[in-house]
>>> print(open('protein.cif').read())   # mmCIF, C-alpha atoms
data_structure
#
loop_
_atom_site.label_atom_id
_atom_site.label_comp_id
_atom_site.auth_asym_id
_atom_site.auth_seq_id
_atom_site.Cartn_x
_atom_site.Cartn_y
_atom_site.Cartn_z
CA MET A 206 104.86 -57.20 155.58
CA SER A 207 105.99 -53.62 155.19
CA GLU A 208 105.58 -51.26 158.13
CA ASN A 209 104.97 -48.44 155.68
CA GLY A 210 101.77 -49.64 154.05
CA LYS A 211 99.30 -47.07 152.79
CA LEU A 212 96.75 -48.16 155.40
CA GLN A 213 99.16 -48.70 158.29
CA GLY A 214 97.27 -48.56 161.58
CA LYS A 215 93.86 -48.13 159.93
CA ARG A 216 90.78 -50.02 161.10
CA ALA A 217 88.51 -51.41 158.38
CA LEU A 218 85.19 -53.21 158.06
CA VAL A 219 84.62 -55.01 154.75
CA THR A 220 81.10 -56.35 154.25
CA GLY A 221 80.54 -59.35 152.02
CA SER A 222 84.14 -60.47 152.45
CA GLY A 223 83.77 -64.22 152.65
CA THR A 224 84.39 -64.71 148.95
CA GLY A 225 85.19 -62.98 145.67
CA LEU A 226 86.01 -59.30 145.55
CA GLY A 227 85.23 -58.68 149.21
CA LYS A 228 87.68 -61.30 150.42
CA GLU A 229 90.44 -59.95 148.19
CA ILE A 230 89.73 -56.37 149.32
CA ALA A 231 89.98 -57.41 152.98
CA LEU A 232 93.29 -59.16 152.32
CA GLU A 233 94.67 -56.21 150.37
CA PHE A 234 93.71 -53.79 153.13
CA ALA A 235 95.66 -55.98 155.54
CA ARG A 236 98.65 -56.19 153.19
CA GLU A 237 98.71 -52.39 153.31
CA GLY A 238 98.71 -52.37 157.11
CA ALA A 239 95.07 -52.35 158.26
CA ASP A 240 93.32 -54.35 160.96
CA VAL A 241 90.19 -55.82 159.40
CA VAL A 242 86.74 -57.03 160.39
CA LEU A 243 85.26 -59.34 157.78
CA HIS A 244 81.61 -60.16 157.26
CA TYR A 245 79.84 -63.12 155.72
CA SER A 246 76.18 -63.95 155.20
CA LYS A 247 76.05 -67.75 155.11
CA SER A 248 79.24 -69.77 154.74
CA SER A 249 82.07 -68.79 157.10
CA LYS A 250 84.78 -70.77 155.30
CA GLY A 251 86.28 -68.06 153.10
CA ALA A 252 86.04 -65.35 155.74
CA LEU A 253 87.76 -67.49 158.36
CA GLU A 254 90.51 -68.37 155.88
CA ALA A 255 91.08 -64.67 155.31
CA VAL A 256 91.10 -64.01 159.06
CA GLU A 257 93.91 -66.51 159.55
CA ALA A 258 95.86 -65.03 156.63
CA ILE A 259 95.52 -61.52 158.06
CA LYS A 260 96.59 -62.63 161.52
CA ALA A 261 99.65 -64.24 159.93
CA MET A 262 100.52 -60.78 158.56
CA GLY A 263 100.55 -59.50 162.13
CA HIS A 264 97.21 -57.69 162.09
CA LYS A 265 93.99 -58.02 164.05
CA ALA A 266 91.13 -59.74 162.27
CA VAL A 267 87.79 -61.34 163.01
CA ALA A 268 84.76 -62.45 160.99
CA TYR A 269 81.12 -61.84 161.92
CA GLN A 270 77.97 -63.29 160.39
CA ALA A 271 75.07 -61.00 159.56
CA ASP A 272 72.00 -61.05 157.33
CA LEU A 273 72.20 -57.52 155.93
CA SER A 274 68.68 -57.67 154.55
CA ASN A 275 67.81 -56.81 158.16
CA VAL A 276 68.62 -53.22 159.16
CA ASP A 277 69.21 -54.15 162.80
CA ALA A 278 71.85 -56.63 161.62
CA CYS A 279 73.60 -53.80 159.74
CA PHE A 280 73.71 -51.71 162.90
CA SER A 281 74.91 -54.65 164.98
CA LEU A 282 77.68 -55.53 162.53
CA VAL A 283 79.07 -52.00 162.53
CA ASP A 284 78.85 -51.84 166.32
CA GLN A 285 80.71 -55.15 166.65
CA ALA A 286 83.40 -53.91 164.28
CA VAL A 287 83.83 -50.67 166.21
CA GLU A 288 84.10 -52.55 169.49
CA PHE A 289 86.63 -55.05 168.15
CA LEU A 290 88.77 -52.47 166.36
CA GLY A 291 88.42 -49.66 168.88
CA GLY A 292 86.96 -47.38 166.20
CA ILE A 293 86.54 -47.45 162.45
CA ASP A 294 88.55 -45.64 159.78
CA ILE A 295 87.29 -47.43 156.65
CA LEU A 296 83.91 -48.87 155.79
CA MET A 297 84.01 -50.89 152.58
CA ASN A 298 80.36 -51.42 151.66
CA ASN A 299 80.89 -54.45 149.44
CA ALA A 300 78.06 -56.86 150.25
CA GLY A 301 75.56 -57.37 147.48
CA ILE A 302 73.51 -59.97 145.66
CA THR A 303 72.21 -60.34 142.14
CA LEU A 304 69.66 -62.27 140.17
CA SER A 305 68.63 -62.17 136.56
CA GLY A 306 65.37 -62.63 134.73
CA PRO A 307 62.90 -60.87 132.42
CA PHE A 308 61.49 -57.56 133.61
CA LEU A 309 57.95 -58.86 133.10
CA ASP A 310 58.60 -61.78 135.45
CA ALA A 311 60.20 -59.79 138.31
CA THR A 312 58.41 -60.15 141.64
CA PRO A 313 57.99 -57.77 144.59
CA GLU A 314 59.86 -60.27 146.76
CA GLN A 315 62.87 -60.21 144.44
CA PHE A 316 62.75 -56.43 144.27
CA ASP A 317 62.62 -56.05 148.05
CA LEU A 318 65.45 -58.52 148.64
CA LEU A 319 67.88 -56.88 146.21
CA PHE A 320 67.11 -53.34 147.31
CA ASN A 321 67.29 -54.31 150.98
CA VAL A 322 70.73 -55.92 150.65
CA ASN A 323 72.31 -53.82 147.91
CA VAL A 324 70.97 -50.36 148.77
CA ARG A 325 69.40 -50.19 152.21
CA ALA A 326 72.23 -52.13 153.87
CA GLU A 327 74.87 -49.84 152.34
CA PHE A 328 72.90 -46.77 153.37
CA PHE A 329 72.38 -47.70 157.01
CA SER A 330 75.80 -49.32 157.47
CA ALA A 331 77.31 -46.06 156.25
CA GLN A 332 75.08 -44.04 158.53
CA ARG A 333 76.06 -46.13 161.55
CA ALA A 334 79.77 -45.98 160.75
CA ALA A 335 79.63 -42.23 160.12
CA LYS A 336 78.15 -41.64 163.57
CA THR A 337 81.31 -43.15 165.06
CA MET A 338 83.68 -41.54 162.55
CA VAL A 339 82.51 -38.00 163.34
CA LYS A 340 83.59 -38.50 166.97
CA GLN A 341 87.13 -39.56 166.00
CA ALA A 342 90.06 -37.25 165.53
CA ASN A 343 90.90 -38.68 162.09
CA LYS A 344 87.28 -39.21 160.95
CA GLY A 345 87.15 -41.85 158.18
CA VAL A 346 86.41 -43.07 154.68
CA ILE A 347 83.35 -44.83 153.24
CA ILE A 348 83.55 -46.70 149.94
CA ASN A 349 80.36 -47.95 148.31
CA MET A 350 80.53 -50.85 145.87
CA CYS A 351 78.65 -50.06 142.68
CA SER A 352 79.00 -51.63 139.22
CA VAL A 353 79.00 -50.86 135.52
CA HIS A 354 75.36 -51.94 135.85
CA GLY A 355 74.75 -48.54 137.41
CA PHE A 356 75.78 -46.83 134.17
CA GLY A 357 73.56 -48.64 131.67
CA GLY A 358 71.02 -51.37 131.24
CA VAL A 359 72.20 -54.97 131.10
CA LEU A 360 69.69 -57.42 129.65
CA LEU A 361 67.68 -59.38 132.24
CA HIS A 362 69.06 -57.37 135.20
CA SER A 363 66.32 -54.78 135.71
CA ILE A 364 66.23 -54.95 139.52
CA TYR A 365 69.97 -55.30 139.99
CA ASP A 366 70.67 -52.41 137.61
CA GLY A 367 68.22 -50.32 139.60
CA THR A 368 70.06 -51.00 142.85
CA LYS A 369 73.38 -49.97 141.34
CA GLY A 370 71.90 -46.76 139.94
CA ALA A 371 70.59 -45.99 143.41
CA ILE A 372 74.06 -46.53 144.88
CA ARG A 373 75.49 -43.97 142.45
CA GLY A 374 73.00 -41.37 143.58
CA MET A 375 73.28 -41.92 147.30
CA THR A 376 77.09 -41.99 147.14
CA ASN A 377 77.04 -38.48 145.70
CA GLU A 378 74.68 -37.22 148.37
CA MET A 379 76.50 -38.91 151.26
CA ALA A 380 79.70 -37.27 150.06
CA VAL A 381 78.11 -33.82 150.01
CA GLU A 382 76.67 -34.13 153.52
CA LEU A 383 79.64 -35.80 155.16
CA ALA A 384 82.48 -33.84 153.53
CA PRO A 385 82.08 -30.87 155.93
CA LEU A 386 82.29 -33.35 158.81
CA GLY A 387 85.65 -34.68 157.62
CA ILE A 388 84.39 -37.97 156.19
CA ARG A 389 85.18 -38.90 152.60
CA VAL A 390 82.66 -40.94 150.61
CA ASN A 391 83.40 -42.41 147.21
CA GLY A 392 82.36 -45.44 145.19
CA ILE A 393 83.89 -48.00 142.89
CA ALA A 394 82.23 -49.54 139.85
CA PRO A 395 83.92 -52.72 138.64
CA GLY A 396 83.37 -54.11 135.20
CA TRP A 397 83.43 -57.83 134.48
CA ILE A 398 85.80 -59.38 136.99
CA ALA A 399 86.58 -63.10 136.97
CA VAL A 400 85.69 -64.34 140.46
CA GLU A 401 85.18 -67.81 141.86
CA SER A 402 81.37 -67.61 141.74
CA HIS A 403 81.49 -67.41 137.94
CA TYR A 404 83.21 -70.78 137.78
CA LEU A 405 80.64 -72.27 140.15
CA GLN A 406 77.51 -70.78 138.60
CA VAL A 407 78.22 -70.40 134.89
CA PRO A 408 78.58 -73.66 132.91
CA ASN A 409 81.90 -73.88 131.05
CA PHE A 410 82.93 -70.40 132.18
CA ASP A 411 86.07 -69.38 130.31
CA PRO A 412 87.22 -65.76 130.79
CA GLY A 413 89.64 -66.16 127.90
CA ASN A 414 86.75 -66.46 125.46
CA LEU A 415 85.01 -63.31 126.69
CA GLY A 416 87.71 -60.69 126.32
CA TRP A 417 86.47 -59.60 122.89
CA LEU A 418 83.53 -57.93 124.65
CA ILE A 419 85.86 -55.53 126.48
CA PRO A 420 88.03 -52.86 124.83
CA CYS A 421 91.18 -53.89 126.71
CA GLY A 422 90.69 -57.46 125.52
CA ARG A 423 90.22 -59.32 128.81
CA LEU A 424 88.23 -59.65 131.99
CA GLY A 425 89.58 -58.04 135.13
CA VAL A 426 91.00 -59.83 138.16
CA PRO A 427 90.10 -59.18 141.82
CA SER A 428 93.45 -57.61 142.70
CA GLU A 429 92.78 -54.80 140.22
CA ILE A 430 89.68 -53.86 142.19
CA SER A 431 91.24 -54.32 145.62
CA LYS A 432 94.17 -52.05 144.78
CA ALA A 433 91.76 -49.38 143.54
CA CYS A 434 89.91 -49.66 146.85
CA VAL A 435 93.18 -49.11 148.73
CA PHE A 436 93.68 -45.94 146.69
CA LEU A 437 90.21 -44.69 147.66
CA ALA A 438 90.82 -45.61 151.30
CA CYS A 439 94.22 -43.93 151.70
CA ASP A 440 95.43 -40.34 151.64
CA ASP A 441 96.44 -40.60 147.97
CA SER A 442 92.79 -39.83 147.18
CA LYS A 443 92.24 -37.21 149.90
CA TYR A 444 90.80 -34.65 147.44
CA MET A 445 88.21 -37.08 146.08
CA TYR A 446 84.64 -36.77 147.28
CA GLY A 447 81.60 -38.29 145.61
CA THR A 448 83.64 -39.94 142.86
CA MET A 449 82.44 -43.19 141.30
CA MET A 450 85.63 -44.83 140.06
CA LEU A 451 85.11 -47.03 137.02
CA VAL A 452 87.51 -49.97 136.82
CA ASP A 453 86.15 -51.80 133.80
CA GLY A 454 88.69 -52.20 131.02
CA GLY A 455 86.88 -49.54 129.00
CA LEU A 456 83.54 -51.36 129.01
CA THR A 457 81.32 -48.37 129.75
CA ALA A 458 83.26 -46.17 127.33
CA LYS A 459 82.21 -48.49 124.51
CA LEU A 460 78.95 -48.30 122.59
CA ALA A 461 76.68 -51.31 123.03
CA PHE A 462 77.28 -52.57 119.50
CA ASP A 463 80.41 -53.38 117.53
CA ILE A 464 80.26 -51.49 114.22
CA ASP A 465 82.74 -53.84 112.57
CA LYS A 466 80.28 -56.70 113.13
CA LEU A 467 77.37 -54.91 111.44
CA ASP A 468 76.69 -55.26 107.72
CA ILE A 469 76.40 -51.48 107.28
CA ASN A 470 78.65 -49.02 105.47
CA PHE A 471 78.99 -45.91 107.65
CA GLY A 472 81.52 -44.28 105.34
CA ASP A 473 79.13 -41.78 103.74
CA VAL A 474 76.86 -41.22 106.74
CA ALA A 475 77.25 -37.90 108.50
CA ALA A 476 77.60 -38.06 112.27
CA ASN A 477 75.84 -35.61 114.55
#
>>> encode(input="protein.cif", output="structure tokens")
Amino acid sequence: MSENGKLQGKRALVTGSGTGLGKEIALEFAREGADVVLHYSKSSKGALEAVEAIKAMGHKAVAYQADLSNVDACFSLVDQAVEFLGGIDILMNNAGITLSGPFLDATPEQFDLLFNVNVRAEFFSAQRAAKTMVKQANKGVIINMCSVHGFGGVLLHSIYDGTKGAIRGMTNEMAVELAPLGIRVNGIAPGWIAVESHYLQVPNFDPGNLGWLIPCGRLGVPSEISKACVFLACDDSKYMYGTMMLVDGGLTAKLAFDIDKLDINFGDVAAN
């Protein structure tokens, strides 16, 4: 482990870090020199594995359980992280859940659950962390996990898309309010990233057969998101405030349809 990592000596809390992107982000923060508090909602297995890996790098690490659909649990998690780390320099608001289904079948219970975990938890975790950061000499950085779902509608994801649109808006406003206090707030919006949950939940999931949907020709991998998060957390991005960084292989730059697959001749049609 290098002693000159980009996050050397930093103290980070990564929510939703027991699996997938969150776990890889926590590990990458540690590889770059940070002490890390991990969080998990249900199963502790992945988070505890990451804790041991981070300790083996020579850094402090611990994992705490919290149900972030409860605001008091958000406050408690941040407070525990601050106590363990002796402060907080980076809050990575990664925790989130999704579900899919027709708009006409969506229920108030589903709506409340997704907005409570995806939006309200990010909001109040950030608020709690910021109250500590403003008292520190070096203040801190908040990174909110968004998604390409916040930039356009994805079929059967009406509630989830709404939560990600809300995260875009509140990230901008947090940045505006907290910038004068020395706290940087930005967001990251991953595209389709191949994570372990896809293999568990999607029958016959094969990322190699899905690359044609994405301009760069492939799905992303977790390390491409974690390294972007390091960039947002370190001084390399110190002039960035309120930015939502898209890391999506060109997905949102592409129109929803593929012209070459349509039986239409656009050669003589004028474009506006």
>>> residues_around(input="protein.cif", residues="Glu254 of chain A", least_positions_apart="2", cutoff="10 Å", atoms="all atoms listed in the file", output="ChimeraX atom specification")
/A:223-224,228,249-252,256-259,268
>>> residues_around(input="protein.cif", residues="Val322 of chain A", least_positions_apart="5", cutoff="10 Å", atoms="all atoms listed in the file", output="list of chain:residue names")
A:Asp272, A:Leu273, A:Ser274, A:Asn275, A:Val276, A:Cys279, A:Ala300, A:Gly301, A:Ile302, A:Thr303, A:Asp317, A:Glu327, A:Phe328, A:Thr368
>>> resolve_selection(input="protein.cif", expression="the PyMOL selection byres ((chain A and resi 354) around 9)", output="PyMOL selection string")
chain A and resi 351-353+355-359+362+365-370+394+396
>>> resolve_selection(input="protein.cif", expression="the PyMOL selection byres ((chain A and resi 426-442) around 9)", output="ChimeraX atom specification")
/A:211-212,225-227,229-234,237,294-297,345-348,389-395,397-400,424-425,443-446,450,452
>>> resolve_selection(input="protein.cif", expression="the PyMOL selection byres ((chain A and resi 419) around 9)", output="count of residues only")
15
>>> residues_around(input="protein.cif", residues="Val267 of chain A", least_positions_apart="3", cutoff="12 Å", atoms="all atoms listed in the file", output="number ranges by chain")
A: 216-219, 222-223, 231, 240-245, 249, 252-260, 264, 270, 282, 285-290
>>> residues_around(input="protein.cif", residues="Asn377 of chain A", least_positions_apart="3", cutoff="6 Å", atoms="only C-alpha atoms", output="PyMOL selection string")
chain A and resi 374+380+447
>>> atom_distance(input="protein.cif", atom1="atom CA of Leu318 of chain A", atom2="atom CA of Pro408 of chain A")
25.5 Å
>>> atom_distance(input="protein.cif", atom1="atom CA of Ser363 of chain A", atom2="atom CA of Leu309 of chain A")
9.7 Å
>>> atom_distance(input="protein.cif", atom1="atom CA of Ala335 of chain A", atom2="atom CA of Lys265 of chain A")
21.7 Å
>>> closest_residue(input="protein.cif", among="A:Asn349, A:Ile388, A:Leu383, A:Gly292", to="Met449 of chain A", atoms="only C-alpha atoms")
A:Asn349
>>> build_atoms(input="protein.cif", residues="segment 413-433 of chain A", atoms="N, CA and C atoms", output="PDB file, keeping the file's coordinate frame")
ATOM      1  N   GLY A 413      88.836 -66.393 129.083  1.00  0.00           N
ATOM      2  CA  GLY A 413      89.640 -66.160 127.900  1.00  0.00           C
ATOM      3  C   GLY A 413      88.824 -66.004 126.633  1.00  0.00           C
ATOM      4  N   ASN A 414      87.604 -66.552 126.635  1.00  0.00           N
ATOM      5  CA  ASN A 414      86.750 -66.460 125.460  1.00  0.00           C
ATOM      6  C   ASN A 414      85.823 -65.248 125.490  1.00  0.00           C
ATOM      7  N   LEU A 415      85.928 -64.435 126.532  1.00  0.00           N
ATOM      8  CA  LEU A 415      85.010 -63.310 126.690  1.00  0.00           C
ATOM      9  C   LEU A 415      85.676 -61.952 126.540  1.00  0.00           C
ATOM     10  N   GLY A 416      86.986 -61.942 126.390  1.00  0.00           N
ATOM     11  CA  GLY A 416      87.710 -60.690 126.320  1.00  0.00           C
ATOM     12  C   GLY A 416      87.337 -59.808 125.154  1.00  0.00           C
ATOM     13  N   TRP A 417      86.825 -60.409 124.067  1.00  0.00           N
ATOM     14  CA  TRP A 417      86.470 -59.600 122.890  1.00  0.00           C
ATOM     15  C   TRP A 417      85.350 -58.617 123.182  1.00  0.00           C
ATOM     16  N   LEU A 418      84.615 -58.843 124.278  1.00  0.00           N
ATOM     17  CA  LEU A 418      83.530 -57.930 124.650  1.00  0.00           C
ATOM     18  C   LEU A 418      84.044 -56.635 125.269  1.00  0.00           C
ATOM     19  N   ILE A 419      85.310 -56.631 125.683  1.00  0.00           N
ATOM     20  CA  ILE A 419      85.860 -55.530 126.480  1.00  0.00           C
ATOM     21  C   ILE A 419      86.989 -54.868 125.698  1.00  0.00           C
ATOM     22  N   PRO A 420      87.008 -53.533 125.630  1.00  0.00           N
ATOM     23  CA  PRO A 420      88.030 -52.860 124.830  1.00  0.00           C
ATOM     24  C   PRO A 420      89.461 -53.273 125.134  1.00  0.00           C
ATOM     25  N   CYS A 421      89.802 -53.516 126.383  1.00  0.00           N
ATOM     26  CA  CYS A 421      91.180 -53.890 126.710  1.00  0.00           C
ATOM     27  C   CYS A 421      91.486 -55.339 126.365  1.00  0.00           C
ATOM     28  N   GLY A 422      90.474 -56.110 126.004  1.00  0.00           N
ATOM     29  CA  GLY A 422      90.690 -57.460 125.520  1.00  0.00           C
ATOM     30  C   GLY A 422      90.637 -58.569 126.539  1.00  0.00           C
ATOM     31  N   ARG A 423      90.250 -58.272 127.777  1.00  0.00           N
ATOM     32  CA  ARG A 423      90.220 -59.320 128.810  1.00  0.00           C
ATOM     33  C   ARG A 423      89.304 -58.919 129.955  1.00  0.00           C
ATOM     34  N   LEU A 424      88.928 -59.919 130.752  1.00  0.00           N
ATOM     35  CA  LEU A 424      88.230 -59.650 131.990  1.00  0.00           C
ATOM     36  C   LEU A 424      89.226 -59.172 133.039  1.00  0.00           C
ATOM     37  N   GLY A 425      88.723 -58.479 134.040  1.00  0.00           N
ATOM     38  CA  GLY A 425      89.580 -58.040 135.130  1.00  0.00           C
ATOM     39  C   GLY A 425      89.807 -59.141 136.146  1.00  0.00           C
ATOM     40  N   VAL A 426      90.730 -58.894 137.067  1.00  0.00           N
ATOM     41  CA  VAL A 426      91.000 -59.830 138.160  1.00  0.00           C
ATOM     42  C   VAL A 426      90.786 -59.091 139.485  1.00  0.00           C
ATOM     43  N   PRO A 427      90.442 -59.828 140.547  1.00  0.00           N
ATOM     44  CA  PRO A 427      90.100 -59.180 141.820  1.00  0.00           C
ATOM     45  C   PRO A 427      91.137 -58.209 142.352  1.00  0.00           C
ATOM     46  N   SER A 428      92.419 -58.493 142.154  1.00  0.00           N
ATOM     47  CA  SER A 428      93.450 -57.610 142.700  1.00  0.00           C
ATOM     48  C   SER A 428      93.389 -56.213 142.077  1.00  0.00           C
ATOM     49  N   GLU A 429      92.874 -56.115 140.849  1.00  0.00           N
ATOM     50  CA  GLU A 429      92.780 -54.800 140.220  1.00  0.00           C
ATOM     51  C   GLU A 429      91.700 -53.946 140.880  1.00  0.00           C
ATOM     52  N   ILE A 430      90.706 -54.587 141.441  1.00  0.00           N
ATOM     53  CA  ILE A 430      89.680 -53.860 142.190  1.00  0.00           C
ATOM     54  C   ILE A 430      90.166 -53.562 143.605  1.00  0.00           C
ATOM     55  N   SER A 431      90.803 -54.530 144.242  1.00  0.00           N
ATOM     56  CA  SER A 431      91.240 -54.320 145.620  1.00  0.00           C
ATOM     57  C   SER A 431      92.277 -53.207 145.725  1.00  0.00           C
ATOM     58  N   LYS A 432      93.159 -53.111 144.753  1.00  0.00           N
ATOM     59  CA  LYS A 432      94.170 -52.050 144.780  1.00  0.00           C
ATOM     60  C   LYS A 432      93.533 -50.684 144.551  1.00  0.00           C
ATOM     61  N   ALA A 433      92.486 -50.639 143.727  1.00  0.00           N
ATOM     62  CA  ALA A 433      91.760 -49.380 143.540  1.00  0.00           C
ATOM     63  C   ALA A 433      91.056 -48.979 144.825  1.00  0.00           C
TER      64      ALA A 433
END
